[in-house]
Amino acid sequence: MRITLAVLTLLLLSACSSGIDGKKYATLKPQFDPYEFFVGDVKAWGIVQDRDGNLVQQFTVDIKGSINNKSELILDESFNYLLGNGVQTRVWTITKAAGNKYTGRADDILNSASGETFGNAMNWQYRMDLPVDDTSYEVHFDDWMWSFDQTTLMNRSYIEKFGIVMAEVTIFMQRQ
């Protein structure tokens, strides 16, 4: 019984992250800096796929980024859904912490988000109450972003519940 419980615990713990090792990207260029990339206008195109790969949402996002007088990065996001529905707006407040670490908050984010850059990549993690139909689910987002150049970014998000990936989000972003 103890062995079975230990194996199940290990399986659940190993399923809690995407398994991506940011250190592999530490030397890749261009160096990603969210304060540089997101200041100004950014257009994003995204899809959400369920566990079976079925398309459940298709959307665009208009992002207006600015730096406030506290040196915080403000991302004002407006969503437009082509398939499905979801949040219409979100405003992130992101703060640079020590080294290559960041923290962030938004109204629909539980507690705060945390992130870290690794060369051309950034990992951004947070918990949220995700509305689905007439209910909401507390889920964990594990976002990975990779810059291609100074104007192009690809984001891959893993939405987890109980340590199991329930859906994946793919977003392409471009500075305008």
# chains A, B, ... in the order shown; residues from 1 in each chain; ligands from 1

$ residues_around --residues "segment 95-98 of chain A" --least-positions-apart "5" --cutoff "9 Å" --atoms "only C-alpha atoms" --output "list of chain:residue names"
A:Tyr35, A:Lys70, A:Ser71, A:Glu72, A:Leu73, A:Thr103, A:Gly104, A:Arg105

$ write_last_selection --atoms "N, CA, C and O atoms" --output "PDB file, in the first residue's frame"
ATOM      1  N   TYR A  35       9.790  44.120 -20.510  1.00  0.00           N
ATOM      2  CA  TYR A  35       9.650  45.580 -20.462  1.00  0.00           C
ATOM      3  C   TYR A  35       9.928  46.198 -21.834  1.00  0.00           C
ATOM      4  O   TYR A  35       9.350  47.214 -22.186  1.00  0.00           O
ATOM      5  N   LYS A  70       5.825  53.977 -11.062  1.00  0.00           N
ATOM      6  CA  LYS A  70       6.462  53.075 -10.098  1.00  0.00           C
ATOM      7  C   LYS A  70       7.386  52.072 -10.799  1.00  0.00           C
ATOM      8  O   LYS A  70       7.781  51.073 -10.224  1.00  0.00           O
ATOM      9  N   SER A  71       7.664  52.309 -12.085  1.00  0.00           N
ATOM     10  CA  SER A  71       8.489  51.412 -12.914  1.00  0.00           C
ATOM     11  C   SER A  71       7.857  50.039 -13.077  1.00  0.00           C
ATOM     12  O   SER A  71       8.552  49.037 -13.251  1.00  0.00           O
ATOM     13  N   GLU A  72       6.512  49.990 -13.046  1.00  0.00           N
ATOM     14  CA  GLU A  72       5.794  48.743 -13.288  1.00  0.00           C
ATOM     15  C   GLU A  72       5.345  48.703 -14.748  1.00  0.00           C
ATOM     16  O   GLU A  72       4.969  49.735 -15.308  1.00  0.00           O
ATOM     17  N   LEU A  73       5.382  47.529 -15.329  1.00  0.00           N
ATOM     18  CA  LEU A  73       4.890  47.323 -16.685  1.00  0.00           C
ATOM     19  C   LEU A  73       3.386  47.067 -16.608  1.00  0.00           C
ATOM     20  O   LEU A  73       2.948  46.151 -15.913  1.00  0.00           O
ATOM     21  N   THR A 103       7.286  39.567 -11.003  1.00  0.00           N
ATOM     22  CA  THR A 103       6.024  39.219 -10.355  1.00  0.00           C
ATOM     23  C   THR A 103       4.929  40.022 -11.053  1.00  0.00           C
ATOM     24  O   THR A 103       5.198  41.059 -11.663  1.00  0.00           O
ATOM     25  N   GLY A 104       3.701  39.521 -10.951  1.00  0.00           N
ATOM     26  CA  GLY A 104       2.606  40.224 -11.608  1.00  0.00           C
ATOM     27  C   GLY A 104       1.289  39.951 -10.934  1.00  0.00           C
ATOM     28  O   GLY A 104       1.130  38.984 -10.195  1.00  0.00           O
ATOM     29  N   ARG A 105       0.345  40.837 -11.222  1.00  0.00           N
ATOM     30  CA  ARG A 105      -0.997  40.650 -10.688  1.00  0.00           C
ATOM     31  C   ARG A 105      -2.014  41.188 -11.691  1.00  0.00           C
ATOM     32  O   ARG A 105      -1.720  42.064 -12.492  1.00  0.00           O
TER      33      ARG A 105
END

$ select_by_dssp --residues "segment 10-82 of chain A" --states "helix (DSSP H, G or I)" --output "ChimeraX atom specification"
/A:10-14,22-25,34-38

$ closest_residue --among "A:Gly22, A:Gly163, A:Gly40, A:Gly99" --to "Glu77 of chain A" --atoms "only C-alpha atoms"
A:Gly40

$ select_by_dssp --residues "chain A" --states "strand (DSSP E or B)" --output "PyMOL selection string"
chain A and resi 40-50+55-67+73-83+89-96+101-105+109-118+121-132+135-147+152-161+164-175

$ closest_atom_pairs --of "segment 13-84 of chain A" --to "segment 113-128 of chain A" --cutoff "10 Å" --atoms "only C-alpha atoms" --output "tab-separated table"
residue	atom	partner	partner_atom	distance
A:Ser17	CA	A:Gln125	CA	10.0
A:Ile20	CA	A:Asn123	CA	9.1
A:Asp21	CA	A:Phe118	CA	9.5
A:Gly22	CA	A:Phe118	CA	5.7
A:Lys23	CA	A:Phe118	CA	6.3
A:Lys24	CA	A:Phe118	CA	8.0
A:Tyr25	CA	A:Gly119	CA	5.4
A:Ala26	CA	A:Gly119	CA	4.0
A:Thr27	CA	A:Gly119	CA	5.3
A:Leu28	CA	A:Gly119	CA	5.2
A:Lys29	CA	A:Asn120	CA	5.3
A:Pro30	CA	A:Asn120	CA	5.4
A:Gln31	CA	A:Asn120	CA	4.6
A:Phe32	CA	A:Asn120	CA	4.7
A:Asp33	CA	A:Thr117	CA	7.6
A:Pro34	CA	A:Met122	CA	8.6

$ residues_around --residues "segment 145-159 of chain A" --least-positions-apart "6" --cutoff "7 Å" --atoms "only C-alpha atoms" --output "PyMOL selection string"
chain A and resi 18+30+32+37+120-123+139+165-175

$ write_last_selection --atoms "N, CA, C and O atoms" --output "compact mmCIF listing (two decimals), in the first residue's frame"
# COMPACT_ATOMS: atom_id res chain seq x y z
N SER A 18 5.28 21.52 -17.02
CA SER A 18 5.40 21.17 -18.43
C SER A 18 6.68 20.40 -18.71
O SER A 18 6.81 19.81 -19.77
N PRO A 30 17.37 36.42 -29.57
CA PRO A 30 17.65 37.64 -28.81
C PRO A 30 17.18 37.49 -27.37
O PRO A 30 16.22 36.79 -27.08
N PHE A 32 15.24 38.03 -24.22
CA PHE A 32 13.87 38.52 -24.06
C PHE A 32 13.74 39.38 -22.81
O PHE A 32 14.12 38.97 -21.72
N PHE A 37 9.72 44.38 -24.89
CA PHE A 37 8.82 43.83 -25.90
C PHE A 37 7.42 44.42 -25.80
O PHE A 37 6.80 44.75 -26.81
N ASN A 120 16.31 33.79 -24.59
CA ASN A 120 15.19 34.24 -25.43
C ASN A 120 13.84 33.74 -24.91
O ASN A 120 12.82 33.93 -25.57
N ALA A 121 13.81 33.14 -23.74
CA ALA A 121 12.57 32.54 -23.21
C ALA A 121 12.16 33.17 -21.88
O ALA A 121 12.98 33.75 -21.17
N MET A 122 10.87 33.02 -21.59
CA MET A 122 10.35 33.41 -20.28
C MET A 122 9.32 32.40 -19.84
O MET A 122 8.48 31.96 -20.63
N ASN A 123 9.39 32.02 -18.57
CA ASN A 123 8.38 31.16 -17.96
C ASN A 123 7.55 32.03 -17.03
O ASN A 123 8.09 32.78 -16.22
N VAL A 139 -7.39 26.81 -11.72
CA VAL A 139 -6.39 26.11 -12.53
C VAL A 139 -5.04 26.80 -12.40
O VAL A 139 -4.94 27.94 -11.96
N VAL A 165 -2.53 18.29 -17.35
CA VAL A 165 -2.78 19.29 -18.38
C VAL A 165 -4.16 19.04 -18.98
O VAL A 165 -4.42 17.99 -19.56
N MET A 166 -5.06 20.02 -18.80
CA MET A 166 -6.44 19.91 -19.28
C MET A 166 -6.63 20.59 -20.63
O MET A 166 -7.52 20.24 -21.39
N ALA A 167 -5.79 21.61 -20.91
CA ALA A 167 -5.90 22.34 -22.17
C ALA A 167 -4.55 23.01 -22.45
O ALA A 167 -3.73 23.17 -21.54
N GLU A 168 -4.34 23.38 -23.71
CA GLU A 168 -3.13 24.09 -24.11
C GLU A 168 -3.51 25.30 -24.93
O GLU A 168 -4.47 25.27 -25.70
N VAL A 169 -2.77 26.37 -24.72
CA VAL A 169 -3.00 27.63 -25.43
C VAL A 169 -1.76 27.94 -26.25
O VAL A 169 -0.64 27.83 -25.76
N THR A 170 -1.97 28.32 -27.50
CA THR A 170 -0.88 28.75 -28.37
C THR A 170 -1.19 30.17 -28.82
O THR A 170 -2.28 30.43 -29.33
N ILE A 171 -0.26 31.09 -28.58
CA ILE A 171 -0.46 32.50 -28.93
C ILE A 171 0.77 33.01 -29.69
O ILE A 171 1.91 32.82 -29.25
N PHE A 172 0.51 33.66 -30.80
CA PHE A 172 1.54 34.33 -31.59
C PHE A 172 1.36 35.83 -31.34
O PHE A 172 0.25 36.35 -31.45
N MET A 173 2.43 36.55 -30.96
CA MET A 173 2.36 37.99 -30.67
C MET A 173 3.32 38.75 -31.56
O MET A 173 4.43 38.29 -31.83
N GLN A 174 2.87 39.94 -31.96
CA GLN A 174 3.72 40.78 -32.80
C GLN A 174 3.56 42.25 -32.40
O GLN A 174 2.44 42.75 -32.28
N ARG A 175 4.71 42.89 -32.18
CA ARG A 175 4.68 44.34 -31.91
C ARG A 175 4.17 45.05 -33.14
O ARG A 175 4.50 44.69 -34.26

$ atom_distance --atom1 "atom CA of Gly84 of chain A" --atom2 "atom CA of Thr60 of chain A"
11.9 Å

$ closest_residue --among "A:Ile164, A:Leu130, A:Ile94, A:Val42" --to "Asn68 of chain A" --atoms "only C-alpha atoms"
A:Ile94

$ atom_distance --atom1 "atom CA of Asp107 of chain A" --atom2 "atom CA of Val87 of chain A"
11.1 Å
